[in-house]
Amino acid sequence: MAEAVLSAEDRFAIEDLLGRYFWAVDTGDVEGVVATFAEDALVRYEGGSAYEGIESIRRFAERAIGNHTARGRMHFNRPLFIERRGDAVMMRSYLIAPQWTTQDDAKVLATVRYTEDTFIKSSGGWRIKERAIFLWNDKTAPRVTDTN
């Protein structure tokens, strides 16, 4: 079971940090993305791709933001719950990203995922320690029981 509840102030600070992260991603601000992470942070995807340490996180941001096909996306992160884990905090969230491309006037749902983000508090405030990103579809969505 989860440890003691997080203070409202800390929860808002964490949600604000994630908002800043997504704004930086969606507006192409590599340094803004990097600033949301701890120096020894890790970003990992369900397929095994991983970026560890701040310079690797910078490459992750450059790859995600520098891809011209990502322009026009807006990431919407819906926190589901927070759990305290010792000095860290884990937040599980739903993540969707619609995208509008003007060339063909297409409005699509670019991604549907869920995330498990771990945060730590430092002298500079809350930072992302680990960001784990998982696909959510009919084959990968977690199920307690499989009813077919």
# chains A, B, ... in the order shown; residues from 1 in each chain; ligands from 1

call {"tool": "select_by_dssp", "arguments": {"residues": "segment 30-101 of chain A", "states": "helix (DSSP H, G or I)", "output": "MDAnalysis selection string"}}
result
chainID A and resid 30:34 54:66 68:70

call {"tool": "select_by_dssp", "arguments": {"residues": "chain A", "states": "strand (DSSP E or B)", "output": "VMD selection string"}}
result
chain A and resid 37 to 45 50 to 52 73 76 to 85 88 to 101 106 to 122 125 to 135

call {"tool": "residues_around", "arguments": {"residues": "Gln99 of chain A", "least_positions_apart": "6", "cutoff": "12 Å", "atoms": "only C-alpha atoms", "output": "PyMOL selection string"}}
result
chain A and resi 26+69-76+105-112

call {"tool": "residues_around", "arguments": {"residues": "segment 52-59 of chain A", "least_positions_apart": "3", "cutoff": "10 Å", "atoms": "only C-alpha atoms", "output": "PyMOL selection string"}}
result
chain A and resi 30-35+37-44+62-66+129-130

call {"tool": "write_last_selection", "arguments": {"atoms": "N, CA and C atoms", "output": "mmCIF file, in the first residue's frame"}}
result
data_model
loop_
_atom_site.group_PDB
_atom_site.id
_atom_site.type_symbol
_atom_site.label_atom_id
_atom_site.label_comp_id
_atom_site.auth_asym_id
_atom_site.auth_seq_id
_atom_site.Cartn_x
_atom_site.Cartn_y
_atom_site.Cartn_z
ATOM 1 N N VAL A 30 14.320 22.108 -26.180
ATOM 2 C CA VAL A 30 15.158 21.024 -25.676
ATOM 3 C C VAL A 30 15.654 21.322 -24.271
ATOM 4 N N GLU A 31 16.182 22.516 -24.042
ATOM 5 C CA GLU A 31 16.718 22.845 -22.714
ATOM 6 C C GLU A 31 15.618 22.893 -21.668
ATOM 7 N N GLY A 32 14.411 23.278 -22.071
ATOM 8 C CA GLY A 32 13.280 23.238 -21.151
ATOM 9 C C GLY A 32 12.947 21.820 -20.728
ATOM 10 N N VAL A 33 13.030 20.874 -21.663
ATOM 11 C CA VAL A 33 12.828 19.460 -21.327
ATOM 12 C C VAL A 33 13.904 19.002 -20.355
ATOM 13 N N VAL A 34 15.156 19.264 -20.694
ATOM 14 C CA VAL A 34 16.287 18.822 -19.876
ATOM 15 C C VAL A 34 16.167 19.369 -18.452
ATOM 16 N N ALA A 35 15.708 20.598 -18.310
ATOM 17 C CA ALA A 35 15.624 21.239 -16.990
ATOM 18 C C ALA A 35 14.632 20.558 -16.054
ATOM 19 N N PHE A 37 14.473 17.328 -15.563
ATOM 20 C CA PHE A 37 15.018 16.043 -15.127
ATOM 21 C C PHE A 37 16.138 16.198 -14.109
ATOM 22 N N ALA A 38 16.284 15.187 -13.267
ATOM 23 C CA ALA A 38 17.435 15.082 -12.362
ATOM 24 C C ALA A 38 18.661 14.721 -13.199
ATOM 25 N N GLU A 39 19.834 15.037 -12.688
ATOM 26 C CA GLU A 39 21.092 14.771 -13.413
ATOM 27 C C GLU A 39 21.256 13.306 -13.798
ATOM 28 N N ASP A 40 20.816 12.398 -12.942
ATOM 29 C CA ASP A 40 20.997 10.963 -13.191
ATOM 30 C C ASP A 40 19.689 10.292 -13.631
ATOM 31 N N ALA A 41 18.833 11.043 -14.314
ATOM 32 C CA ALA A 41 17.511 10.557 -14.691
ATOM 33 C C ALA A 41 17.573 9.460 -15.760
ATOM 34 N N LEU A 42 16.440 8.799 -15.904
ATOM 35 C CA LEU A 42 16.280 7.733 -16.884
ATOM 36 C C LEU A 42 14.937 7.904 -17.572
ATOM 37 N N VAL A 43 14.927 7.812 -18.909
ATOM 38 C CA VAL A 43 13.694 7.727 -19.689
ATOM 39 C C VAL A 43 13.747 6.381 -20.382
ATOM 40 N N ARG A 44 12.665 5.616 -20.248
ATOM 41 C CA ARG A 44 12.652 4.312 -20.912
ATOM 42 C C ARG A 44 11.288 4.039 -21.525
ATOM 43 N N GLU A 62 16.141 16.009 -28.086
ATOM 44 C CA GLU A 62 16.448 16.415 -29.463
ATOM 45 C C GLU A 62 15.779 15.487 -30.466
ATOM 46 N N ARG A 63 15.792 14.196 -30.171
ATOM 47 C CA ARG A 63 15.167 13.224 -31.068
ATOM 48 C C ARG A 63 13.653 13.430 -31.117
ATOM 49 N N ALA A 64 13.038 13.597 -29.959
ATOM 50 C CA ALA A 64 11.586 13.749 -29.894
ATOM 51 C C ALA A 64 11.124 15.083 -30.475
ATOM 52 N N ILE A 65 11.861 16.135 -30.170
ATOM 53 C CA ILE A 65 11.468 17.478 -30.586
ATOM 54 C C ILE A 65 11.950 17.787 -32.000
ATOM 55 N N GLY A 66 13.127 17.297 -32.354
ATOM 56 C CA GLY A 66 13.714 17.607 -33.646
ATOM 57 C C GLY A 66 13.051 16.912 -34.813
ATOM 58 N N LYS A 129 12.963 11.817 -12.001
ATOM 59 C CA LYS A 129 14.056 10.861 -11.809
ATOM 60 C C LYS A 129 13.964 9.743 -12.859
ATOM 61 N N GLU A 130 12.734 9.297 -13.125
ATOM 62 C CA GLU A 130 12.533 8.277 -14.149
ATOM 63 C C GLU A 130 11.195 8.494 -14.832
#

call {"tool": "closest_residue", "arguments": {"among": "A:Val25, A:Leu6, A:Ala50, A:Leu135", "to": "Arg85 of chain A", "atoms": "only C-alpha atoms"}}
result
A:Leu6

call {"tool": "residues_around", "arguments": {"residues": "Ala88 of chain A", "least_positions_apart": "2", "cutoff": "7 Å", "atoms": "only C-alpha atoms", "output": "mmCIF file with N, CA and C atoms, in the first residue's frame"}}
result
data_model
loop_
_atom_site.group_PDB
_atom_site.id
_atom_site.type_symbol
_atom_site.label_atom_id
_atom_site.label_comp_id
_atom_site.auth_asym_id
_atom_site.auth_seq_id
_atom_site.Cartn_x
_atom_site.Cartn_y
_atom_site.Cartn_z
ATOM 1 N N ARG A 84 3.795 7.553 -2.642
ATOM 2 C CA ARG A 84 5.092 7.873 -2.058
ATOM 3 C C ARG A 84 5.902 6.589 -2.008
ATOM 4 N N ARG A 85 7.169 6.683 -2.409
ATOM 5 C CA ARG A 85 8.078 5.537 -2.369
ATOM 6 C C ARG A 85 9.372 5.990 -1.721
ATOM 7 N N GLY A 86 9.378 5.953 -0.394
ATOM 8 C CA GLY A 86 10.513 6.467 0.351
ATOM 9 C C GLY A 86 10.623 7.964 0.143
ATOM 10 N N MET A 90 5.931 8.330 -7.090
ATOM 11 C CA MET A 90 5.595 7.793 -8.397
ATOM 12 C C MET A 90 4.187 8.228 -8.761
ATOM 13 N N THR A 118 8.662 8.868 -11.887
ATOM 14 C CA THR A 118 9.187 8.936 -10.528
ATOM 15 C C THR A 118 9.863 10.288 -10.352
ATOM 16 N N PHE A 119 9.539 10.953 -9.252
ATOM 17 C CA PHE A 119 10.047 12.297 -8.970
ATOM 18 C C PHE A 119 10.846 12.281 -7.676
ATOM 19 N N ILE A 120 11.868 13.123 -7.644
ATOM 20 C CA ILE A 120 12.634 13.333 -6.417
ATOM 21 C C ILE A 120 12.696 14.835 -6.152
#

call {"tool": "closest_residue", "arguments": {"among": "A:Arg113, A:Arg143, A:Arg20, A:Arg92", "to": "Pro79 of chain A", "atoms": "only C-alpha atoms"}}
result
A:Arg92

call {"tool": "residues_around", "arguments": {"residues": "Leu18 of chain A", "least_positions_apart": "3", "cutoff": "9 Å", "atoms": "only C-alpha atoms", "output": "PDB file with N, CA and C atoms, in the first residue's frame"}}
result
ATOM      1  N   ALA A  13       3.217  21.067  -7.254  1.00  0.00           N
ATOM      2  CA  ALA A  13       4.552  21.321  -7.811  1.00  0.00           C
ATOM      3  C   ALA A  13       4.935  20.242  -8.819  1.00  0.00           C
ATOM      4  N   ILE A  14       4.606  18.992  -8.519  1.00  0.00           N
ATOM      5  CA  ILE A  14       4.893  17.891  -9.440  1.00  0.00           C
ATOM      6  C   ILE A  14       4.050  18.023 -10.710  1.00  0.00           C
ATOM      7  N   GLU A  15       2.770  18.310 -10.560  1.00  0.00           N
ATOM      8  CA  GLU A  15       1.916  18.482 -11.733  1.00  0.00           C
ATOM      9  C   GLU A  15       2.374  19.674 -12.568  1.00  0.00           C
ATOM     10  N   TYR A  21       7.259  20.258 -18.555  1.00  0.00           N
ATOM     11  CA  TYR A  21       7.889  19.259 -19.423  1.00  0.00           C
ATOM     12  C   TYR A  21       7.123  19.163 -20.743  1.00  0.00           C
ATOM     13  N   PHE A  22       5.805  18.983 -20.684  1.00  0.00           N
ATOM     14  CA  PHE A  22       5.015  18.830 -21.909  1.00  0.00           C
ATOM     15  C   PHE A  22       4.994  20.105 -22.748  1.00  0.00           C
ATOM     16  N   TRP A  23       4.951  21.265 -22.109  1.00  0.00           N
ATOM     17  CA  TRP A  23       5.012  22.520 -22.867  1.00  0.00           C
ATOM     18  C   TRP A  23       6.336  22.603 -23.619  1.00  0.00           C
ATOM     19  N   THR A  36      13.742  19.738 -16.575  1.00  0.00           N
ATOM     20  CA  THR A  36      12.761  19.069 -15.719  1.00  0.00           C
ATOM     21  C   THR A  36      13.286  17.767 -15.122  1.00  0.00           C
ATOM     22  N   ASN A  77      -1.665  14.913 -20.377  1.00  0.00           N
ATOM     23  CA  ASN A  77      -1.287  13.957 -19.351  1.00  0.00           C
ATOM     24  C   ASN A  77      -2.339  14.008 -18.256  1.00  0.00           C
ATOM     25  N   ILE A 128      12.165  15.113 -12.413  1.00  0.00           N
ATOM     26  CA  ILE A 128      11.845  13.765 -12.884  1.00  0.00           C
ATOM     27  C   ILE A 128      13.093  12.902 -12.735  1.00  0.00           C
TER      28      ILE A 128
END

call {"tool": "atom_distance", "arguments": {"atom1": "atom CA of Leu95 of chain A", "atom2": "atom CA of Tyr114 of chain A"}}
result
5.3 Å
